[in-house]
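Source file run29.tsv; content: TSV, C-alpha atoms.
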chain	number	residue	atom	x	y	z
A	658	MET	CA	-106.38	33.93	24.69
A	659	ARG	CA	-104.56	34.31	21.34
A	660	LEU	CA	-101.29	36.09	20.67
A	661	PRO	CA	-100.33	37.21	17.15
A	662	LEU	CA	-97.58	34.65	16.54
A	663	PHE	CA	-98.64	31.75	18.75
A	664	ASN	CA	-101.80	29.83	19.53
A	665	VAL	CA	-102.17	29.76	23.30
A	666	PRO	CA	-104.59	27.09	24.54
A	667	ASP	CA	-107.53	27.98	26.69
A	668	GLU	CA	-107.42	27.10	30.38
A	669	LYS	CA	-108.44	23.45	29.86
A	670	LYS	CA	-106.06	20.62	30.76
A	671	LEU	CA	-104.00	19.41	27.82
A	672	SER	CA	-102.92	15.83	27.13
A	673	ASP	CA	-99.54	15.00	25.58
A	674	SER	CA	-101.12	14.76	22.11
A	675	ASP	CA	-102.63	18.24	22.60
A	676	ASP	CA	-99.13	19.58	23.37
A	677	GLU	CA	-97.85	18.22	20.06
A	678	GLU	CA	-100.79	19.76	18.22
A	679	VAL	CA	-100.21	23.18	19.83
A	680	LEU	CA	-96.50	23.02	19.02
A	681	GLN	CA	-97.33	22.19	15.40
A	682	ASP	CA	-99.85	25.07	15.25
A	683	ASN	CA	-97.27	27.47	16.68
A	684	HIS	CA	-94.65	26.41	14.14
A	685	GLU	CA	-97.05	26.86	11.19
A	686	SER	CA	-98.30	30.27	12.33
A	687	ARG	CA	-94.87	31.89	12.54
A	688	ILE	CA	-93.90	34.33	9.83
A	689	SER	CA	-91.13	33.06	7.55
A	690	LEU	CA	-87.99	35.18	7.61
A	691	GLU	CA	-86.26	33.22	4.89
A	692	PRO	CA	-85.13	35.03	1.75
A	693	PRO	CA	-87.80	34.78	-0.93
A	694	THR	CA	-87.46	32.34	-3.81
A	695	SER	CA	-89.08	32.30	-7.23
A	696	LEU	CA	-90.00	35.98	-7.36
A	697	SER	CA	-91.14	37.69	-10.52
A	698	ILE	CA	-88.74	40.63	-10.97
A	699	LEU	CA	-88.48	43.47	-13.47
A	700	ALA	CA	-84.86	44.66	-13.76
A	701	VAL	CA	-84.59	48.19	-15.15
A	702	ASP	CA	-81.17	49.51	-16.18
A	703	ASP	CA	-79.87	51.19	-19.32
A	704	SER	CA	-76.47	49.50	-19.00
A	705	GLN	CA	-76.50	46.10	-20.71
A	706	THR	CA	-73.56	45.00	-18.57
A	707	ASN	CA	-75.38	45.86	-15.34
A	708	GLN	CA	-78.53	44.14	-16.59
A	709	LYS	CA	-76.67	40.94	-17.49
A	710	LEU	CA	-74.95	40.82	-14.10
A	711	LEU	CA	-78.20	41.49	-12.25
A	712	CYS	CA	-80.13	38.91	-14.27
A	713	CYS	CA	-77.48	36.20	-13.79
A	714	LEU	CA	-77.31	36.86	-10.05
A	715	LEU	CA	-81.08	36.71	-9.59
A	716	GLN	CA	-81.69	33.79	-11.95
A	717	ASN	CA	-79.09	31.78	-10.04
A	718	HIS	CA	-81.36	32.22	-7.01
A	719	SER	CA	-84.45	30.87	-8.84
A	720	HIS	CA	-86.06	34.23	-9.62
A	721	THR	CA	-87.78	34.93	-12.94
A	722	ILE	CA	-86.44	38.13	-14.54
A	723	TRP	CA	-87.84	40.51	-17.11
A	724	GLU	CA	-85.74	43.39	-18.40
A	725	ALA	CA	-86.35	47.00	-19.39
A	726	GLU	CA	-83.77	49.51	-20.65
A	727	ASP	CA	-85.43	52.70	-19.39
A	728	GLY	CA	-88.22	53.97	-17.21
A	729	LYS	CA	-90.75	54.32	-20.01
A	730	GLU	CA	-90.33	50.70	-21.08
A	731	ALA	CA	-90.52	49.64	-17.42
A	732	VAL	CA	-93.83	51.44	-16.92
A	733	GLN	CA	-95.24	49.82	-20.07
A	734	LYS	CA	-94.16	46.35	-18.93
A	735	MET	CA	-95.54	46.94	-15.42
A	736	VAL	CA	-98.93	48.00	-16.85
A	737	ARG	CA	-98.99	44.97	-19.17
A	738	ALA	CA	-98.14	42.57	-16.33
A	739	GLN	CA	-100.77	44.12	-14.05
A	740	SER	CA	-103.46	43.98	-16.73
A	741	LYS	CA	-102.77	40.25	-17.15
A	742	GLY	CA	-103.21	39.77	-13.39
A	743	LYS	CA	-99.53	38.85	-12.96
A	744	PRO	CA	-97.87	41.90	-11.40
A	745	TYR	CA	-94.16	41.79	-10.64
A	746	ASP	CA	-93.25	40.94	-7.06
A	747	SER	CA	-90.40	43.43	-7.19
A	748	ILE	CA	-88.97	46.04	-9.55
A	749	LEU	CA	-85.27	46.90	-9.40
A	750	MET	CA	-84.92	50.42	-10.79
A	751	ASP	CA	-81.81	52.29	-11.87
A	752	TYR	CA	-81.78	55.99	-10.96
A	753	LYS	CA	-80.30	57.61	-14.06
A	754	MET	CA	-81.57	56.41	-17.47
A	755	PRO	CA	-82.49	57.94	-20.83
A	756	VAL	CA	-86.09	58.53	-21.99
A	757	MET	CA	-87.51	58.32	-18.42
A	758	ASN	CA	-85.33	58.11	-15.31
A	759	GLY	CA	-85.97	55.91	-12.29
A	760	LEU	CA	-87.63	58.69	-10.30
A	761	GLY	CA	-90.19	59.44	-13.00
A	762	ALA	CA	-90.86	55.76	-13.64
A	763	CYS	CA	-91.31	55.06	-9.95
A	764	GLN	CA	-93.80	57.93	-9.56
A	765	LYS	CA	-95.74	56.90	-12.66
A	766	MET	CA	-95.93	53.27	-11.51
A	767	ARG	CA	-97.33	54.26	-8.11
A	768	ILE	CA	-99.88	56.59	-9.75
A	769	LEU	CA	-100.96	53.67	-11.96
A	770	GLY	CA	-101.53	51.48	-8.89
A	771	CYS	CA	-98.33	49.44	-8.81
A	772	ASN	CA	-97.99	47.62	-5.46
A	773	SER	CA	-94.72	45.85	-6.29
A	774	VAL	CA	-91.75	46.32	-3.99
A	775	ILE	CA	-89.70	48.90	-5.90
A	776	VAL	CA	-86.00	49.00	-5.07
A	777	GLY	CA	-83.86	51.83	-6.36
A	778	VAL	CA	-80.45	50.57	-7.42
A	779	THR	CA	-77.97	53.37	-7.94
A	780	GLY	CA	-74.40	54.51	-7.64
A	781	ASN	CA	-75.69	57.76	-6.17
A	782	VAL	CA	-76.55	56.94	-2.55
A	783	MET	CA	-76.20	60.34	-0.93
A	784	GLU	CA	-78.86	60.66	1.78
A	785	GLU	CA	-80.81	63.38	-0.05
A	786	ASN	CA	-80.94	61.30	-3.25
A	787	VAL	CA	-82.10	58.23	-1.34
A	788	GLU	CA	-84.89	60.28	0.24
A	789	ILE	CA	-85.91	61.68	-3.16
A	790	PHE	CA	-86.10	58.15	-4.60
A	791	LYS	CA	-88.21	57.00	-1.65
A	792	GLY	CA	-90.37	60.12	-2.01
A	793	CYS	CA	-91.11	59.05	-5.58
A	794	GLY	CA	-92.39	55.68	-4.35
A	795	ALA	CA	-89.36	53.41	-3.94
A	796	ASN	CA	-89.60	51.08	-0.95
A	797	GLY	CA	-85.84	51.15	-0.53
A	798	VAL	CA	-82.59	52.10	-2.23
A	799	LEU	CA	-79.44	50.01	-2.57
A	800	PRO	CA	-76.00	51.07	-3.80
A	801	LYS	CA	-74.35	49.66	-6.91
A	802	PRO	CA	-72.96	47.11	-6.50
A	803	PHE	CA	-75.12	45.59	-3.78
A	804	LYS	CA	-74.99	42.32	-1.89
A	805	LEU	CA	-77.84	39.89	-2.51
A	806	SER	CA	-78.25	39.60	1.26
A	807	GLU	CA	-79.09	43.34	1.39
A	808	LEU	CA	-81.76	42.88	-1.28
A	809	ASP	CA	-83.14	39.80	0.48
A	810	GLN	CA	-83.35	41.77	3.75
A	811	LEU	CA	-85.21	44.61	2.04
A	812	TRP	CA	-87.65	42.13	0.49
A	813	ILE	CA	-88.23	40.49	3.88
A	814	GLU	CA	-88.88	43.90	5.48
A	815	HIS	CA	-91.58	44.53	2.86
A	816	GLY	CA	-93.29	41.15	3.17
A	817	LEU	CA	-91.72	39.19	0.32
A	818	THR	CA	-90.75	35.93	2.02
A	819	SER	CA	-90.77	32.23	1.21
Written as structure tokens, that's how I'd like the structure from this file.
Amino acid sequence: MRLPLFNVPDEKKLSDSDDEEVLQDNHESRISLEPPTSLSILAVDDSQTNQKLLCCLLQNHSHTIWEAEDGKEAVQKMVRAQSKGKPYDSILMDYKMPVMNGLGACQKMRILGCNSVIVGVTGNVMEENVEIFKGCGANGVLPKPFKLSELDQLWIEHGLTS
């Protein structure tokens, strides 16, 4: 019999060495719940100050960061990365930007087949605005400023783990 997270031996008698092997198998088959490291991230924000802070924070945790100043540029960079076979692991998207806002960019990315974890990052976290952002394709929404632990938790919930 097999359970999703553990290998359960059949009914045969196990020796001590078999016990060690089963314990090792169980340890290896567990899902990691550690915060992800070395992610490829597109940070989208029209504020240079916010972008610098976000980039420094994420680079200090071993992530590779690309930047975009508005939704249109973000969509172009996402398409380029996807076409090269190197899609972003996550996209951090501001809500309100010139040229194309976060909502429009998020929708366009999903229409174009983007499977990255998109996180809305905004100062406007009223419930209805959060739901609108999610309705446009965001996997989650965090307030500005956010704690890295909140972002890590969101990534873990969406399968981005070490």
Using only C-alpha atoms, the residue out of A:Gly770, A:Gly816, A:Gly759, A:Gly777 with shortest distance to A:Phe803 is A:Gly777
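From atom CA of A:Lys765 back to atom CA of A:Gln739, the distance works out to 13.8 Å.
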Applying 9 Å and all atoms listed in the file, which residues near A:Val736 remain after dropping the ones on its own chain fewer than 5 positions away? List them as a ChimeraX atom specification. /A:731,741,744,766,769,771
With distances taken over all atoms listed in the file, which of A:Glu724, A:Asp809, A:Glu784, A:Asp703 is nearest to A:Met754?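 Of the candidates, the smallest distance to A:Met754 is held by A:Asp703.
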So which one's closest to A:Ala700, A:Glu730, A:Arg767, A:Met750, A:Leu811? Using all atoms listed in the file, please.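 Result for the nearest residue to A:Ala700: A:Met750.
Across the structure, atom CA of A:Asn717 and atom CA of A:Pro755 are spaced 28.5 Å apart.
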Pick out the closest residue to A:Asn781 from this set: A:Leu808, A:Ile813, A:Ile748, A:Leu799. Count only C-alpha atoms.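 Under the stated criterion, the closest residue is A:Leu799.
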Counting all atoms listed in the file, which of A:Ile775, A:Ile722, A:Cys793, A:Cys713 gets nearest to A:Gly761?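 Counting all atoms listed in the file, the residue closest to A:Gly761 is A:Cys793.
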Looking at all atoms listed in the file, which of A:Asp702, A:Glu814, A:Glu788, A:Asp751 is the one that sits closest to A:Val776?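 For A:Val776, the nearest of the given residues is A:Asp751.
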Could you jot down the atom CA of A:Pro802 to atom CA of A:Asp746 separation for me, Å, one decimal place?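 Atom-to-atom, atom CA of A:Pro802 to atom CA of A:Asp746, that is 21.2 Å.
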Find the residues near A:Ser704: any atom within 10 Å, counting only C-alpha atoms, skip ones fewer than 2 places away on the same chain, and give them as a list in words. Val701, Asp702, Thr706, Asn707, Gln708, Lys709, Glu726, Asp727, Asp751 and Met754 of chain A
